[in-house]
Amino acid sequence: MSGIVWNDVLCTGYLDTMRYLVRDRHRRRSSLRRRSDVVEAWTLGAVAVLLLVMAPLVGVFTAWQAHDSARATAQEQRADRRQIRAEVVGRLAGTLPMAHGGRQPSARTTVRWAEPDGTARRATARVPARTRNGETVDVWLDSRGRIVAPPPDDRAIQQHAITIGVCAAGGTAAVILLGHMVVRHTAMRRRLAEWEQEWAATEPEWTGRRA
């Protein structure tokens, strides 16, 4: 959210500056205005448009692609994995609760369950942190019978897509601003060179000094 607010502030500042440069500076006749001034003013306008249009579009498109990719991955994982009910039989010593994959705090513990053929199995899995011995929990197994993390749910997929989209929009805005800085620096150097050339031609007339 802070990144979006900061981007709005930057865009507002660029729009205000663009109005001053495009409306006022171009309408007034000034002997100090150079072609580099005009180029810089129009470049600033293009930067404002890119920040307001291109950066958000890149963010939305990237978020959409990330959402589709994450959803496809989740579907593949659901097809490859199966969910079972297992009994908690003991918490591993020294294991601290921790957040896992955006879900509630969890801890590693030993669980046991029975396969369809009656074979009893034990393994280590992550369960909700306050789970007690004897309680049953849902665990996920892959095609090889190993305990794995559950497939991401819709909330996790949305959070992933939003994060990717915000990063893409911020990266695009950074590239645009960096390009504008380069153009502005080049225009400033050109402007100073032009002023220096004209001053070299005008200064002897003002001071009476000859080269």
# chains A, B, ... in the order shown; residues from 1 in each chain; ligands from 1
$ select_by_dssp --residues "segment 22-183 of chain A" --states "strand (DSSP E or B)" --output "MDAnalysis selection string"
chainID A and resid 82:91 98 106:114 120:128 136:141 147:148
$ write_last_selection --atoms "N, CA, C and O atoms" --output "compact mmCIF listing (two decimals), in the first residue's frame"
# COMPACT_ATOMS: atom_id res chain seq x y z
N ARG A 82 -2.47 -36.21 -2.19
CA ARG A 82 -3.72 -36.63 -1.57
C ARG A 82 -3.71 -36.25 -0.09
O ARG A 82 -2.67 -36.22 0.56
N GLN A 83 -4.89 -35.95 0.40
CA GLN A 83 -5.04 -35.52 1.79
C GLN A 83 -5.56 -36.67 2.64
O GLN A 83 -6.48 -37.38 2.23
N ILE A 84 -4.98 -36.83 3.81
CA ILE A 84 -5.39 -37.90 4.72
C ILE A 84 -5.55 -37.32 6.13
O ILE A 84 -5.11 -36.21 6.41
N ARG A 85 -6.18 -38.09 6.99
CA ARG A 85 -6.29 -37.73 8.39
C ARG A 85 -5.27 -38.53 9.17
O ARG A 85 -5.16 -39.75 9.03
N ALA A 86 -4.48 -37.85 10.00
CA ALA A 86 -3.44 -38.51 10.79
C ALA A 86 -3.57 -38.09 12.25
O ALA A 86 -4.09 -37.01 12.56
N GLU A 87 -3.10 -38.96 13.12
CA GLU A 87 -3.16 -38.70 14.57
C GLU A 87 -1.83 -38.17 15.06
O GLU A 87 -0.76 -38.69 14.72
N VAL A 88 -1.89 -37.12 15.86
CA VAL A 88 -0.68 -36.55 16.44
C VAL A 88 -0.25 -37.42 17.61
O VAL A 88 -1.03 -37.69 18.53
N VAL A 89 1.01 -37.86 17.58
CA VAL A 89 1.50 -38.77 18.62
C VAL A 89 2.68 -38.19 19.39
O VAL A 89 3.14 -38.80 20.34
N GLY A 90 3.20 -37.06 19.02
CA GLY A 90 4.30 -36.48 19.79
C GLY A 90 4.91 -35.26 19.12
O GLY A 90 5.11 -35.27 17.90
N ARG A 91 5.22 -34.24 19.89
CA ARG A 91 5.85 -33.04 19.38
C ARG A 91 7.35 -33.18 19.48
O ARG A 91 7.88 -33.64 20.48
N MET A 98 6.02 -21.57 14.12
CA MET A 98 6.44 -20.63 13.08
C MET A 98 5.34 -20.51 12.04
O MET A 98 4.51 -21.41 11.89
N SER A 106 2.62 -22.90 12.91
CA SER A 106 2.65 -24.35 12.95
C SER A 106 3.96 -24.82 13.58
O SER A 106 4.89 -24.04 13.77
N ALA A 107 4.00 -26.10 13.91
CA ALA A 107 5.18 -26.70 14.51
C ALA A 107 5.32 -28.11 13.97
O ALA A 107 4.34 -28.74 13.54
N ARG A 108 6.56 -28.61 13.99
CA ARG A 108 6.81 -29.96 13.51
C ARG A 108 6.49 -30.96 14.61
O ARG A 108 6.84 -30.76 15.78
N THR A 109 5.82 -32.02 14.22
CA THR A 109 5.43 -33.05 15.17
C THR A 109 5.36 -34.39 14.46
O THR A 109 5.36 -34.46 13.22
N THR A 110 5.26 -35.47 15.24
CA THR A 110 5.14 -36.81 14.69
C THR A 110 3.67 -37.20 14.58
O THR A 110 2.90 -37.00 15.53
N VAL A 111 3.30 -37.71 13.44
CA VAL A 111 1.92 -38.15 13.23
C VAL A 111 1.94 -39.59 12.73
O VAL A 111 2.96 -40.07 12.21
N ARG A 112 0.81 -40.26 12.87
CA ARG A 112 0.70 -41.62 12.37
C ARG A 112 -0.66 -41.79 11.70
O ARG A 112 -1.63 -41.12 12.04
N TRP A 113 -0.69 -42.68 10.74
CA TRP A 113 -1.93 -42.97 10.01
C TRP A 113 -1.83 -44.37 9.43
O TRP A 113 -0.77 -45.00 9.43
N ALA A 114 -2.93 -44.86 8.92
CA ALA A 114 -2.99 -46.20 8.33
C ALA A 114 -3.28 -46.06 6.84
O ALA A 114 -4.17 -45.32 6.43
N ALA A 120 0.48 -49.41 9.00
CA ALA A 120 0.62 -48.24 9.87
C ALA A 120 1.89 -47.49 9.48
O ALA A 120 2.95 -48.09 9.27
N ARG A 121 1.79 -46.20 9.45
CA ARG A 121 2.94 -45.38 9.07
C ARG A 121 3.08 -44.21 10.03
O ARG A 121 2.10 -43.72 10.61
N ARG A 122 4.31 -43.75 10.19
CA ARG A 122 4.64 -42.58 11.00
C ARG A 122 5.53 -41.65 10.18
O ARG A 122 6.34 -42.11 9.39
N ALA A 123 5.39 -40.36 10.44
CA ALA A 123 6.24 -39.38 9.77
C ALA A 123 6.17 -38.06 10.53
O ALA A 123 5.36 -37.91 11.46
N THR A 124 7.03 -37.17 10.14
CA THR A 124 7.06 -35.84 10.74
C THR A 124 6.31 -34.88 9.82
O THR A 124 6.54 -34.86 8.61
N ALA A 125 5.44 -34.08 10.42
CA ALA A 125 4.63 -33.14 9.64
C ALA A 125 4.45 -31.85 10.42
O ALA A 125 4.69 -31.80 11.64
N ARG A 126 4.03 -30.83 9.73
CA ARG A 126 3.69 -29.57 10.37
C ARG A 126 2.19 -29.54 10.65
O ARG A 126 1.38 -29.83 9.78
N VAL A 127 1.87 -29.19 11.88
CA VAL A 127 0.47 -29.12 12.30
C VAL A 127 0.28 -27.78 13.02
O VAL A 127 1.25 -27.10 13.38
N PRO A 128 -0.97 -27.35 13.23
CA PRO A 128 -1.20 -26.13 14.01
C PRO A 128 -0.47 -26.17 15.34
O PRO A 128 -0.41 -27.21 16.00
N THR A 136 -6.52 -35.37 15.70
CA THR A 136 -6.29 -35.71 14.30
C THR A 136 -6.16 -34.43 13.47
O THR A 136 -6.82 -33.42 13.74
N VAL A 137 -5.30 -34.49 12.49
CA VAL A 137 -5.04 -33.34 11.62
C VAL A 137 -5.01 -33.81 10.17
O VAL A 137 -4.89 -35.01 9.89
N ASP A 138 -5.14 -32.85 9.27
CA ASP A 138 -5.04 -33.14 7.84
C ASP A 138 -3.59 -32.98 7.40
O ASP A 138 -2.95 -31.97 7.69
N VAL A 139 -3.09 -33.98 6.71
CA VAL A 139 -1.75 -33.90 6.13
C VAL A 139 -1.85 -34.31 4.66
O VAL A 139 -2.79 -34.99 4.24
N TRP A 140 -0.85 -33.88 3.91
CA TRP A 140 -0.83 -34.14 2.47
C TRP A 140 0.34 -35.05 2.13
O TRP A 140 1.45 -34.88 2.67
N LEU A 141 0.10 -36.01 1.24
CA LEU A 141 1.12 -36.94 0.77
C LEU A 141 1.27 -36.78 -0.73
O LEU A 141 0.29 -36.58 -1.46
N ILE A 147 5.21 -36.89 3.12
CA ILE A 147 4.43 -35.76 3.59
C ILE A 147 4.99 -34.48 2.97
O ILE A 147 6.19 -34.22 3.01
N VAL A 148 4.13 -33.70 2.38
CA VAL A 148 4.52 -32.45 1.72
C VAL A 148 3.57 -31.34 2.17
O VAL A 148 2.56 -31.58 2.84
$ closest_residue --among "A:Ala79, A:Ala66, A:Met54, A:Ala187" --to "Ile162 of chain A" --atoms "only C-alpha atoms"
A:Ala66
$ atom_distance --atom1 "atom CA of Val60 of chain A" --atom2 "atom CA of Pro151 of chain A"
24.1 Å
$ closest_residue --among "A:Asn133, A:Thr62, A:Thr43, A:Ser69" --to "Cys167 of chain A" --atoms "only C-alpha atoms"
A:Thr62
$ atom_distance --atom1 "atom CA of Trp64 of chain A" --atom2 "atom CA of Ala161 of chain A"
6.9 Å
$ residues_around --residues "Ala169 of chain A" --least-positions-apart "2" --cutoff "7 Å" --atoms "only C-alpha atoms" --output "number ranges by chain"
A: 55-56, 58-59, 165-167, 171-173
$ closest_residue --among "A:His160, A:Arg132, A:Arg146, A:His180" --to "Asp68 of chain A" --atoms "only C-alpha atoms"
A:His160
$ atom_distance --atom1 "atom CA of Glu76 of chain A" --atom2 "atom CA of Glu115 of chain A"
22.8 Å
$ closest_residue --among "A:Ala74, A:Ala63, A:Ala41, A:Val47" --to "Leu178 of chain A" --atoms "only C-alpha atoms"
A:Val47
